[in-house]
$ cat input.txt   # compact mmCIF, C-alpha atoms
# COMPACT_ATOMS: atom_id res chain seq x y z
CA MET A 1 -43.30 -2.05 -30.12
CA THR A 2 -42.12 -0.92 -26.70
CA ILE A 3 -43.87 -1.91 -23.48
CA GLU A 4 -43.17 0.40 -20.56
CA THR A 5 -44.39 0.37 -16.97
CA LEU A 6 -45.43 3.39 -14.92
CA ASN A 7 -45.64 3.09 -11.15
CA ALA A 8 -48.42 5.44 -10.06
CA ARG A 9 -49.06 3.80 -6.69
CA ARG A 10 -50.11 6.13 -3.85
CA LEU A 11 -50.86 8.94 -6.28
CA LEU A 12 -54.39 10.29 -6.18
CA CYS A 13 -56.28 11.38 -9.30
CA PRO A 14 -55.59 13.34 -11.36
CA LEU A 15 -51.87 12.70 -10.76
CA PRO A 16 -51.92 9.17 -12.26
CA VAL A 17 -53.57 10.69 -15.35
CA ILE A 18 -50.97 13.47 -15.54
CA ARG A 19 -48.10 10.99 -15.18
CA THR A 20 -49.70 8.78 -17.85
CA GLN A 21 -50.15 11.80 -20.15
CA ASP A 22 -46.49 12.79 -19.69
CA LYS A 23 -45.23 9.24 -20.27
CA VAL A 24 -47.37 8.69 -23.37
CA LYS A 25 -45.86 11.86 -24.92
CA GLN A 26 -42.50 10.05 -24.92
CA LEU A 27 -43.88 6.92 -26.67
CA LYS A 28 -44.68 6.14 -30.29
CA VAL A 29 -47.94 5.03 -31.91
CA GLY A 30 -48.48 1.33 -31.15
CA ASP A 31 -46.29 1.32 -28.03
CA ARG A 32 -47.87 0.05 -24.85
CA LEU A 33 -47.83 1.45 -21.33
CA GLU A 34 -48.78 -0.49 -18.20
CA VAL A 35 -49.89 1.87 -15.41
CA ILE A 36 -50.10 0.50 -11.85
CA CYS A 37 -52.15 2.56 -9.41
CA THR A 38 -53.79 2.39 -5.99
CA ASP A 39 -56.47 5.08 -6.51
CA PRO A 40 -59.65 3.36 -7.76
CA GLY A 41 -60.55 6.60 -9.59
CA VAL A 42 -58.11 5.63 -12.35
CA MET A 43 -60.54 2.98 -13.57
CA GLN A 44 -62.73 5.87 -14.76
CA ASP A 45 -60.22 8.62 -15.38
CA ILE A 46 -57.51 6.90 -17.42
CA PRO A 47 -60.00 5.29 -19.87
CA ALA A 48 -61.73 8.71 -20.19
CA TRP A 49 -58.39 10.39 -20.86
CA CYS A 50 -57.56 7.70 -23.44
CA ARG A 51 -60.90 8.09 -25.23
CA ILE A 52 -60.45 11.89 -25.45
CA ASN A 53 -56.91 11.62 -26.75
CA GLY A 54 -57.24 8.70 -29.15
CA HIS A 55 -55.48 5.99 -27.14
CA LYS A 56 -56.82 2.55 -26.31
CA VAL A 57 -57.14 0.71 -23.01
CA ILE A 58 -56.30 -2.91 -23.85
CA GLU A 59 -56.87 -4.29 -20.37
CA ALA A 60 -57.90 -3.00 -16.94
CA THR A 61 -57.61 -5.22 -13.88
CA ALA A 62 -58.24 -4.71 -10.17
CA GLY A 63 -57.10 -6.77 -7.21
CA ASN A 64 -55.55 -6.46 -3.78
CA HIS A 65 -56.25 -2.71 -3.75
CA GLU A 66 -54.24 -2.19 -6.92
CA TYR A 67 -55.49 -1.17 -10.36
CA THR A 68 -53.52 -1.91 -13.52
CA LEU A 69 -54.29 -0.52 -16.97
CA LEU A 70 -52.57 -1.51 -20.19
CA ILE A 71 -52.72 1.30 -22.74
CA GLU A 72 -51.89 1.24 -26.43
CA VAL A 73 -50.72 4.60 -27.72
CA GLY A 74 -52.84 5.95 -30.58
CA SER A 75 -52.12 8.59 -33.18
CA MET B 1 -60.81 30.58 -47.07
CA SER B 2 -60.40 32.06 -43.59
CA LYS B 3 -58.17 30.34 -41.10
CA GLN B 4 -59.91 28.26 -38.44
CA ARG B 5 -59.20 29.93 -35.12
CA LYS B 6 -58.16 27.94 -32.08
CA ALA B 7 -59.01 28.62 -28.45
CA ILE B 8 -57.99 27.03 -25.18
CA ALA B 9 -60.73 26.82 -22.54
CA LEU B 10 -59.97 26.70 -18.82
CA ILE B 11 -61.98 23.68 -17.72
CA SER B 12 -62.66 23.26 -14.00
CA GLY B 13 -65.19 20.48 -14.46
CA GLY B 14 -68.08 22.72 -13.43
CA LEU B 15 -71.00 23.91 -15.52
CA ASP B 16 -69.83 27.44 -16.34
CA SER B 17 -66.59 26.50 -18.06
CA MET B 18 -68.44 23.74 -19.91
CA LEU B 19 -71.00 26.24 -21.24
CA ALA B 20 -68.32 28.78 -22.13
CA ALA B 21 -66.40 26.23 -24.18
CA LYS B 22 -69.56 24.95 -25.86
CA THR B 23 -70.65 28.50 -26.76
CA ILE B 24 -67.42 29.07 -28.65
CA MET B 25 -67.35 25.59 -30.25
CA GLU B 26 -70.82 26.34 -31.64
CA GLN B 27 -69.25 29.23 -33.57
CA GLY B 28 -66.90 26.89 -35.43
CA VAL B 29 -63.79 27.65 -33.38
CA HIS B 30 -61.49 24.69 -32.59
CA VAL B 31 -61.51 24.48 -28.78
CA GLU B 32 -59.31 22.35 -26.52
CA GLY B 33 -59.49 22.30 -22.73
CA ILE B 34 -56.83 22.92 -20.12
CA ASN B 35 -57.06 22.00 -16.45
CA PHE B 36 -54.50 22.95 -13.82
CA PHE B 37 -53.75 20.65 -10.88
CA THR B 38 -52.65 22.71 -7.88
CA GLY B 39 -52.72 19.96 -5.22
CA PHE B 40 -55.82 21.54 -3.66
CA CYS B 41 -58.34 20.41 -6.28
CA VAL B 42 -61.29 18.57 -4.78
CA GLU B 43 -61.67 16.29 -7.81
CA GLY B 44 -61.61 12.66 -6.80
CA HIS B 45 -59.33 12.85 -3.78
CA THR B 46 -61.60 12.31 -0.84
CA HIS B 47 -63.66 9.86 -2.87
CA ALA B 48 -60.52 7.88 -3.53
CA ILE B 49 -59.51 7.83 0.09
CA ARG B 50 -62.70 7.34 2.04
CA GLU B 51 -64.36 3.95 2.20
CA LYS B 52 -67.85 5.41 2.66
CA ASP B 53 -67.64 7.08 -0.75
CA LYS B 54 -66.87 3.86 -2.59
CA ALA B 55 -70.38 3.65 -4.05
CA LYS B 56 -70.13 7.12 -5.64
CA PRO B 57 -68.83 7.32 -9.19
CA LYS B 58 -65.24 8.50 -9.08
CA ARG B 59 -65.16 10.40 -12.31
CA ASN B 60 -62.94 13.42 -12.83
CA ASN B 61 -65.35 16.14 -13.88
CA SER B 62 -62.91 18.00 -16.13
CA LEU B 63 -62.23 14.81 -18.12
CA TRP B 64 -65.93 14.11 -18.19
CA VAL B 65 -66.72 17.61 -19.49
CA ALA B 66 -64.07 17.27 -22.20
CA GLU B 67 -65.54 13.97 -23.27
CA GLN B 68 -69.07 15.39 -23.37
CA LEU B 69 -67.86 18.27 -25.53
CA GLY B 70 -65.71 16.04 -27.74
CA MET B 71 -62.54 17.99 -27.14
CA LYS B 72 -59.02 17.25 -26.01
CA LEU B 73 -58.07 18.09 -22.43
CA HIS B 74 -54.59 18.97 -21.24
CA ILE B 75 -54.09 18.44 -17.51
CA VAL B 76 -51.14 20.43 -16.25
CA ASP B 77 -49.30 19.83 -12.98
CA VAL B 78 -48.69 23.27 -11.42
CA ILE B 79 -48.10 22.08 -7.86
CA GLU B 80 -44.67 23.70 -7.49
CA GLU B 81 -45.46 27.01 -9.19
CA TYR B 82 -48.73 27.30 -7.28
CA LYS B 83 -46.91 27.48 -3.94
CA ASN B 84 -45.98 31.09 -4.54
CA VAL B 85 -49.62 31.94 -5.34
CA LEU B 86 -50.81 30.45 -2.07
CA ILE B 87 -47.98 31.66 0.13
CA ASN B 88 -47.75 35.25 -1.19
CA PRO B 89 -51.08 36.24 -2.74
CA LYS B 90 -50.78 39.83 -3.95
CA HIS B 91 -54.55 40.32 -3.68
CA GLY B 92 -54.92 38.46 -0.37
CA TYR B 93 -57.12 35.59 0.74
CA GLY B 94 -60.88 35.17 0.55
CA ALA B 95 -63.06 33.97 3.43
CA HIS B 96 -60.57 31.17 4.17
CA MET B 97 -57.14 30.43 2.72
CA ASN B 98 -58.39 30.80 -0.86
CA PRO B 99 -56.32 33.23 -2.93
CA CYS B 100 -59.00 33.20 -5.64
CA LEU B 101 -58.05 36.33 -7.55
CA ASP B 102 -54.34 35.52 -7.63
CA CYS B 103 -55.24 31.95 -8.57
CA LYS B 104 -57.31 33.08 -11.54
CA ILE B 105 -54.56 35.46 -12.68
CA PHE B 106 -52.02 32.62 -12.35
CA MET B 107 -54.12 30.17 -14.37
CA VAL B 108 -54.93 32.62 -17.13
CA ASN B 109 -51.23 33.49 -17.30
CA LYS B 110 -50.38 29.78 -17.66
CA ALA B 111 -53.00 29.50 -20.40
CA LYS B 112 -51.46 32.52 -22.12
CA GLN B 113 -48.06 30.79 -22.10
CA TRP B 114 -49.73 27.65 -23.44
CA ILE B 115 -51.38 29.39 -26.42
CA VAL B 116 -48.08 31.00 -27.38
CA GLU B 117 -46.27 27.65 -27.24
CA ASN B 118 -49.03 25.79 -29.09
CA ASP B 119 -50.01 28.39 -31.68
CA PHE B 120 -53.56 28.95 -30.42
CA ASP B 121 -55.35 32.27 -30.81
CA PHE B 122 -57.21 33.06 -27.60
CA ILE B 123 -58.34 31.96 -24.14
CA ILE B 124 -61.84 31.20 -22.83
CA THR B 125 -62.98 31.11 -19.22
CA GLY B 126 -66.37 30.44 -17.68
CA GLU B 127 -66.21 33.58 -15.53
CA VAL B 128 -69.43 35.44 -14.82
CA ILE B 129 -69.54 38.95 -13.38
CA GLY B 130 -70.82 38.80 -9.81
CA GLN B 131 -70.68 35.01 -9.57
CA ARG B 132 -67.95 34.84 -6.92
CA PRO B 133 -67.39 37.49 -4.25
CA MET B 134 -63.62 37.67 -4.62
CA SER B 135 -62.52 36.73 -8.09
CA GLN B 136 -65.54 37.24 -10.32
CA ARG B 137 -66.59 40.86 -9.92
CA LYS B 138 -66.88 43.62 -12.51
CA ALA B 139 -63.82 45.28 -10.98
CA THR B 140 -61.67 42.13 -11.05
CA MET B 141 -62.31 41.20 -14.69
CA PRO B 142 -59.83 43.75 -16.12
CA ILE B 143 -57.34 42.93 -13.33
CA VAL B 144 -57.28 39.26 -14.35
CA ALA B 145 -56.90 40.18 -18.03
CA LYS B 146 -54.12 42.71 -17.37
CA GLU B 147 -52.08 40.98 -14.67
CA SER B 148 -52.20 37.60 -16.42
CA GLY B 149 -50.78 39.20 -19.57
CA ALA B 150 -53.69 37.79 -21.59
CA ASP B 151 -55.23 41.25 -22.07
CA ASP B 152 -57.81 41.19 -24.85
CA LEU B 153 -57.04 37.59 -25.81
CA LEU B 154 -59.15 36.60 -22.80
CA LEU B 155 -62.78 36.03 -23.73
CA ARG B 156 -65.53 35.30 -21.19
CA PRO B 157 -68.37 34.03 -23.40
CA LEU B 158 -70.95 33.89 -20.58
CA CYS B 159 -70.72 37.60 -19.73
CA ALA B 160 -68.90 39.04 -22.75
CA LYS B 161 -71.70 41.44 -23.65
CA ASN B 162 -71.21 43.20 -20.32
CA LEU B 163 -67.51 43.73 -21.01
CA PRO B 164 -65.55 45.64 -23.67
CA ALA B 165 -65.11 43.69 -26.92
CA THR B 166 -62.00 41.49 -26.96
CA LEU B 167 -59.72 40.86 -29.92
CA PRO B 168 -61.58 37.65 -31.02
CA GLU B 169 -64.79 39.71 -31.14
CA ARG B 170 -63.29 42.75 -32.86
CA GLU B 171 -61.55 40.60 -35.46
CA GLY B 172 -64.73 38.61 -36.13
CA TRP B 173 -63.24 35.28 -35.01
CA VAL B 174 -66.38 34.99 -32.90
CA ASP B 175 -69.73 36.73 -33.27
CA ARG B 176 -70.27 38.95 -30.20
CA GLU B 177 -74.02 38.86 -30.79
CA LYS B 178 -74.01 35.13 -30.07
CA LEU B 179 -72.24 35.59 -26.74
CA HIS B 180 -74.04 36.12 -23.42
CA ASP B 181 -74.70 38.78 -20.78
CA ILE B 182 -75.09 36.75 -17.59
CA THR B 183 -74.43 38.50 -14.28
CA GLY B 184 -74.89 37.65 -10.61
CA ARG B 185 -75.06 34.56 -8.44
CA SER B 186 -78.27 33.09 -9.83
CA ARG B 187 -77.70 29.81 -11.63
CA LYS B 188 -80.93 30.01 -13.64
CA PRO B 189 -79.42 31.33 -16.90
CA GLN B 190 -76.72 28.64 -16.83
CA ILE B 191 -79.23 25.90 -16.09
CA ALA B 192 -81.45 27.11 -18.96
CA MET B 193 -78.44 27.17 -21.29
CA ALA B 194 -77.45 23.66 -20.18
CA GLU B 195 -80.95 22.47 -21.08
CA GLN B 196 -80.68 24.16 -24.44
CA PHE B 197 -77.42 22.33 -25.16
CA GLY B 198 -78.90 19.04 -23.89
CA PHE B 199 -76.62 18.75 -20.85
CA ASP B 200 -78.53 17.00 -18.09
CA ASP B 201 -75.64 15.82 -15.94
CA TYR B 202 -73.12 18.36 -14.73
CA SER B 203 -71.21 19.33 -11.63
CA GLN B 204 -72.00 22.45 -9.59
CA PRO B 205 -69.86 22.25 -6.45
CA ALA B 206 -71.13 24.75 -3.85
CA GLY B 207 -67.72 25.97 -2.72
CA GLY B 208 -66.04 25.71 -6.08
CA CYS B 209 -63.56 22.98 -6.84
CA CYS B 210 -60.81 23.88 -4.35
CA PHE B 211 -60.12 22.68 -0.81
CA LEU B 212 -58.84 26.15 0.08
CA THR B 213 -62.42 27.47 0.15
CA ASP B 214 -63.19 24.95 2.91
CA LYS B 215 -63.12 26.30 6.48
CA SER B 216 -61.98 23.07 8.12
CA TYR B 217 -59.26 22.41 5.55
CA SER B 218 -57.99 25.99 5.80
CA ALA B 219 -57.75 25.68 9.60
CA LYS B 220 -55.57 22.59 9.18
CA LEU B 221 -53.34 24.39 6.69
CA VAL B 222 -52.88 27.36 9.04
CA ASP B 223 -52.08 24.93 11.87
CA LEU B 224 -49.48 23.22 9.67
CA TRP B 225 -47.79 26.53 8.84
CA LYS B 226 -47.89 27.68 12.47
CA SER B 227 -46.41 24.44 13.78
CA GLN B 228 -43.53 24.41 11.32
CA GLY B 229 -42.85 28.16 11.61
CA HIS B 230 -43.01 28.81 7.86
CA LYS B 231 -45.42 28.49 4.95
CA GLU B 232 -43.47 26.09 2.75
CA TYR B 233 -45.18 22.76 2.03
CA GLN B 234 -44.82 19.56 0.07
CA LEU B 235 -47.64 17.83 -1.80
CA ASP B 236 -47.77 15.08 0.83
CA ASP B 237 -48.30 17.70 3.57
CA VAL B 238 -51.37 19.14 1.90
CA MET B 239 -52.70 15.69 0.90
CA LEU B 240 -52.57 14.54 4.52
CA LEU B 241 -54.65 17.54 5.57
CA LYS B 242 -57.53 15.98 3.61
CA VAL B 243 -57.44 12.76 5.61
CA GLY B 244 -58.37 11.72 9.15
CA ARG B 245 -58.91 13.54 12.42
CA HIS B 246 -56.12 16.01 13.15
CA ILE B 247 -55.52 16.37 16.90
CA ARG B 248 -52.84 18.66 18.32
CA PRO B 249 -52.48 18.24 22.09
CA GLN B 250 -49.17 20.14 22.18
CA PRO B 251 -47.52 22.61 19.78
CA ASN B 252 -44.68 20.13 19.07
CA PHE B 253 -46.79 17.25 17.73
CA LYS B 254 -50.14 16.24 16.30
CA LEU B 255 -51.92 12.98 15.57
CA ILE B 256 -53.62 12.09 12.31
CA VAL B 257 -56.14 9.38 13.20
CA ALA B 258 -57.84 7.41 10.42
CA ARG B 259 -61.65 7.63 10.56
CA GLU B 260 -62.28 4.45 8.63
CA GLU B 261 -60.62 1.66 6.67
CA GLY B 262 -60.03 3.60 3.45
CA GLU B 263 -58.24 6.37 5.32
CA GLY B 264 -56.27 3.79 7.29
CA ARG B 265 -55.04 2.23 4.08
CA PHE B 266 -54.09 5.65 2.72
CA LEU B 267 -52.18 6.54 5.91
CA GLN B 268 -50.37 3.17 5.77
CA GLY B 269 -48.52 4.57 2.77
CA TYR B 270 -46.91 7.18 5.04
CA LYS B 271 -45.80 4.77 7.80
CA ASN B 272 -42.13 5.09 6.86
CA GLU B 273 -42.19 8.87 7.20
CA PHE B 274 -43.97 9.22 10.55
CA ILE B 275 -44.13 7.55 13.94
CA SER B 276 -47.25 5.39 13.76
CA MET B 277 -49.50 3.80 16.38
CA ILE B 278 -52.17 1.13 16.34
CA SER B 279 -53.96 -0.84 19.01
CA VAL B 280 -53.03 -4.54 19.12
CA SER B 281 -55.30 -5.58 21.99
CA HIS B 282 -58.49 -4.18 20.44
CA ARG B 283 -59.56 -3.16 16.95
CA GLY B 284 -58.64 0.44 16.33
CA PRO B 285 -57.47 2.99 13.78
CA LEU B 286 -53.99 3.71 12.56
CA ALA B 287 -52.60 7.02 13.82
CA LEU B 288 -49.61 8.93 12.47
CA ILE B 289 -47.68 11.24 14.77
CA ASP B 290 -46.32 14.36 13.09
CA GLY B 291 -43.72 16.49 14.86
CA THR B 292 -41.15 15.91 17.58
CA PRO B 293 -42.91 14.24 20.49
CA SER B 294 -41.12 13.44 23.76
CA ALA B 295 -41.57 10.06 25.49
CA GLU B 296 -44.35 11.62 27.58
CA ASP B 297 -46.00 12.99 24.46
CA LEU B 298 -45.91 9.52 22.88
CA TYR B 299 -47.69 8.10 25.92
CA LEU B 300 -50.41 10.77 25.57
CA ALA B 301 -50.63 10.06 21.82
CA ALA B 302 -51.10 6.35 22.60
CA GLN B 303 -53.91 7.19 25.04
CA ILE B 304 -55.60 9.25 22.34
CA THR B 305 -55.12 6.50 19.73
CA ALA B 306 -56.69 4.01 22.16
CA ARG B 307 -59.67 6.32 22.66
CA PHE B 308 -60.67 5.96 19.00
CA GLY B 309 -60.64 2.15 19.01
CA GLN B 310 -62.95 -0.50 20.39
CA GLY B 311 -60.95 -0.48 23.63
CA ARG B 312 -62.06 3.07 24.42
CA ASP B 313 -63.82 1.94 27.62
CA ALA B 314 -61.23 -0.69 28.61
CA GLU B 315 -58.97 -0.31 31.64
CA GLN B 316 -55.92 -0.99 29.53
CA VAL B 317 -55.13 -1.02 25.82
CA GLU B 318 -51.93 -2.24 24.22
CA ILE B 319 -50.64 0.16 21.57
CA ASN B 320 -47.92 -0.78 19.12
CA VAL B 321 -45.61 2.15 18.32
CA THR B 322 -43.42 2.08 15.20
CA MET B 323 -40.71 4.70 15.04
CA ILE B 324 -39.47 6.20 11.75
CA ASP B 325 -36.35 3.99 11.87
CA GLY B 326 -38.62 0.92 11.98
CA SER B 327 -38.01 0.05 15.64
CA GLU B 328 -41.11 -1.02 17.51
CA ARG B 329 -42.35 -1.06 21.08
CA THR B 330 -45.63 -1.45 22.86
CA LEU B 331 -47.24 0.84 25.40
CA GLN B 332 -49.91 -0.20 27.88
CA VAL B 333 -52.24 2.75 28.28
CA LYS B 334 -55.60 3.69 29.69
CA PRO B 335 -57.59 5.40 26.91
CA ILE B 336 -58.04 9.11 27.47
CA ARG B 337 -61.56 10.08 28.50
CA ASP B 338 -63.68 12.35 26.30
CA GLU B 339 -63.82 14.99 29.01
CA ASP B 340 -60.02 15.08 29.12
CA MET B 341 -59.78 15.92 25.43
CA PRO B 342 -60.35 19.68 25.02
CA LYS B 343 -62.15 20.68 21.85
CA ALA B 344 -59.23 23.00 21.09
CA TRP B 345 -57.08 19.92 20.42
CA TYR B 346 -59.13 19.15 17.32
CA VAL B 347 -57.64 21.13 14.45
$ encode --input "input.txt" --output "structure tokens"
Amino acid sequence: MTIETLNARRLLCPLPVIRTQDKVKQLKVGDRLEVICTDPGVMQDIPAWCRINGHKVIEATAGNHEYTLLIEVGS
Amino acid sequence: MSKQRKAIALISGGLDSMLAAKTIMEQGVHVEGINFFTGFCVEGHTHAIREKDKAKPKRNNSLWVAEQLGMKLHIVDVIEEYKNVLINPKHGYGAHMNPCLDCKIFMVNKAKQWIVENDFDFIITGEVIGQRPMSQRKATMPIVAKESGADDLLLRPLCAKNLPATLPEREGWVDREKLHDITGRSRKPQIAMAEQFGFDDYSQPAGGCCFLTDKSYSAKLVDLWKSQGHKEYQLDDVMLLKVGRHIRPQPNFKLIVAREEGEGRFLQGYKNEFISMISVSHRGPLALIDGTPSAEDLYLAAQITARFGQGRDAEQVEINVTMIDGSERTLQVKPIRDEDMPKAWYV
């Protein structure tokens, strides 16, 4: 299992979702991606994108104006 | 057994594209959504930036629509390619800087490329004849189909009965009788259809989903182009037009002054690319200075920055100035008076 990190700070939605979508395409089922953002909209949008596309949000945390989501790539 | 046909639906996040996709899904066609991000999409941006909007849900309506319909959504970054659409629109601009007809042709063309690459059969849009004065008229429907290259692979389920039959209808991939004949600007048929489908929460943005239909935003874009002497732009340029007060006292520079904390935090991210100013003697907003100001201009910019802080009525306000190279200095200024700020300075 690979764990990768995506820096999506300063990007406004939907760009963090697009960058996540593009990165996930390069990963395999079961790999994990940590996405770090500053747009609070990602707390809604990335989980919605994951639900639609069969991926799983393992953890979502917020603090100090940053939002971090850990995603497990689905099939 | 007949092959299950596949369609890609252009999903803006509004009601019409949602209904169009649902209409075709109901006929047993496999539908996926596609959404194009041009850099001018309203979705989420100002909510994300402005503190006062924190209480509002920050959902992306196209994702939300896809989830409601149970379909996949492909969000495509077209920022670079879209520049040519905005800078050189063959069919011109609408009421503001909105190149709606060229934009629709561009997006349908991108969808056409997508269906070829992904082995899909046809394209769906939520267009309705007469819905929009520039891009959704009876005369523009064939223009979009022809100039996009989609031709009769482009199906508009909400008004299909008012248009010639497309390939999906002629081939029996969809039943034309189950399509619709909506025309005009009234929203009643769409609202009735939404009720029928059980949709009680949907987005209907008055000016569409694009900043280019906004008068104030368009004025800022024109000012940007005029000041730089050409129409090229970067994503950051057009993002910054969505934030703060834009004040241009001279052709060679303008200020972007944060209106509240959320905007201030957003502008902080650009501090390394612009001269920035903030009051240190009184509470006040962050201001970025765009352009090539002289020393005198910087003094005026400091006076303007001071005017938007709590020291606006003070005799003297201390303004910290950070240059692009990181060097800092302070200026002691008397805040400019309201009557000395012509309305024409506000972009």
$ atom_distance --input "input.txt" --atom1 "atom CA of Phe199 of chain B" --atom2 "atom CA of Trp49 of chain A"
20.1 Å
$ interface_residues --input "input.txt" --of "chain A" --to "chain B" --cutoff "9 Å" --atoms "all atoms listed in the file" --output "PyMOL selection string"
chain A and resi 10+12-15+17-18+21+39-45+48-49+51-53
$ write_last_selection --input "input.txt" --atoms "C-alpha atoms" --output "PDB file, in the frame of the given file"
ATOM      1  CA  ARG A  10     -50.110   6.130  -3.850  1.00  0.00           C
ATOM      2  CA  LEU A  12     -54.390  10.290  -6.180  1.00  0.00           C
ATOM      3  CA  CYS A  13     -56.280  11.380  -9.300  1.00  0.00           C
ATOM      4  CA  PRO A  14     -55.590  13.340 -11.360  1.00  0.00           C
ATOM      5  CA  LEU A  15     -51.870  12.700 -10.760  1.00  0.00           C
ATOM      6  CA  VAL A  17     -53.570  10.690 -15.350  1.00  0.00           C
ATOM      7  CA  ILE A  18     -50.970  13.470 -15.540  1.00  0.00           C
ATOM      8  CA  GLN A  21     -50.150  11.800 -20.150  1.00  0.00           C
ATOM      9  CA  ASP A  39     -56.470   5.080  -6.510  1.00  0.00           C
ATOM     10  CA  PRO A  40     -59.650   3.360  -7.760  1.00  0.00           C
ATOM     11  CA  GLY A  41     -60.550   6.600  -9.590  1.00  0.00           C
ATOM     12  CA  VAL A  42     -58.110   5.630 -12.350  1.00  0.00           C
ATOM     13  CA  MET A  43     -60.540   2.980 -13.570  1.00  0.00           C
ATOM     14  CA  GLN A  44     -62.730   5.870 -14.760  1.00  0.00           C
ATOM     15  CA  ASP A  45     -60.220   8.620 -15.380  1.00  0.00           C
ATOM     16  CA  ALA A  48     -61.730   8.710 -20.190  1.00  0.00           C
ATOM     17  CA  TRP A  49     -58.390  10.390 -20.860  1.00  0.00           C
ATOM     18  CA  ARG A  51     -60.900   8.090 -25.230  1.00  0.00           C
ATOM     19  CA  ILE A  52     -60.450  11.890 -25.450  1.00  0.00           C
ATOM     20  CA  ASN A  53     -56.910  11.620 -26.750  1.00  0.00           C
TER      21      ASN A  53
END
$ atom_distance --input "input.txt" --atom1 "atom CA of Gln196 of chain B" --atom2 "atom CA of Ala165 of chain B"
25.1 Å
$ atom_distance --input "input.txt" --atom1 "atom CA of Glu339 of chain B" --atom2 "atom CA of Gln268 of chain B"
29.3 Å
$ residues_around --input "input.txt" --residues "Arg307 of chain B" --least-positions-apart "2" --cutoff "12 Å" --atoms "only C-alpha atoms" --output "ChimeraX atom specification"
/B:257,278-279,282-287,300-305,309-319,333-341
$ decode --input "input.txt" --residues "segment 42-68 of chain A" --atoms "C-alpha atoms" --output "PDB file, in the first residue's frame"
ATOM      1  CA  VAL A  42     -13.279  20.424   0.660  1.00  0.00           C
ATOM      2  CA  MET A  43     -14.864  18.991   3.796  1.00  0.00           C
ATOM      3  CA  GLN A  44     -18.052  18.624   1.737  1.00  0.00           C
ATOM      4  CA  ASP A  45     -16.741  18.273  -1.783  1.00  0.00           C
ATOM      5  CA  ILE A  46     -14.002  15.651  -1.438  1.00  0.00           C
ATOM      6  CA  PRO A  47     -16.191  13.235   0.579  1.00  0.00           C
ATOM      7  CA  ALA A  48     -18.984  13.760  -2.012  1.00  0.00           C
ATOM      8  CA  TRP A  49     -16.555  13.059  -4.842  1.00  0.00           C
ATOM      9  CA  CYS A  50     -15.327   9.936  -3.010  1.00  0.00           C
ATOM     10  CA  ARG A  51     -18.859   8.633  -2.447  1.00  0.00           C
ATOM     11  CA  ILE A  52     -19.738   9.103  -6.142  1.00  0.00           C
ATOM     12  CA  ASN A  53     -16.581   7.387  -7.335  1.00  0.00           C
ATOM     13  CA  GLY A  54     -16.326   4.527  -4.859  1.00  0.00           C
ATOM     14  CA  HIS A  55     -13.456   5.779  -2.694  1.00  0.00           C
ATOM     15  CA  LYS A  56     -13.425   6.077   1.081  1.00  0.00           C
ATOM     16  CA  VAL A  57     -12.555   8.981   3.362  1.00  0.00           C
ATOM     17  CA  ILE A  58     -10.720   7.376   6.290  1.00  0.00           C
ATOM     18  CA  GLU A  59     -10.203  10.571   8.258  1.00  0.00           C
ATOM     19  CA  ALA A  60     -11.009  14.271   7.913  1.00  0.00           C
ATOM     20  CA  THR A  61      -9.489  16.806  10.296  1.00  0.00           C
ATOM     21  CA  ALA A  62      -9.612  20.587  10.569  1.00  0.00           C
ATOM     22  CA  GLY A  63      -7.376  22.959  12.493  1.00  0.00           C
ATOM     23  CA  ASN A  64      -5.457  26.188  12.141  1.00  0.00           C
ATOM     24  CA  HIS A  65      -7.342  27.019   8.921  1.00  0.00           C
ATOM     25  CA  GLU A  66      -6.181  23.799   7.284  1.00  0.00           C
ATOM     26  CA  TYR A  67      -8.258  20.781   6.295  1.00  0.00           C
ATOM     27  CA  THR A  68      -6.723  17.336   5.840  1.00  0.00           C
TER      28      THR A  68
END
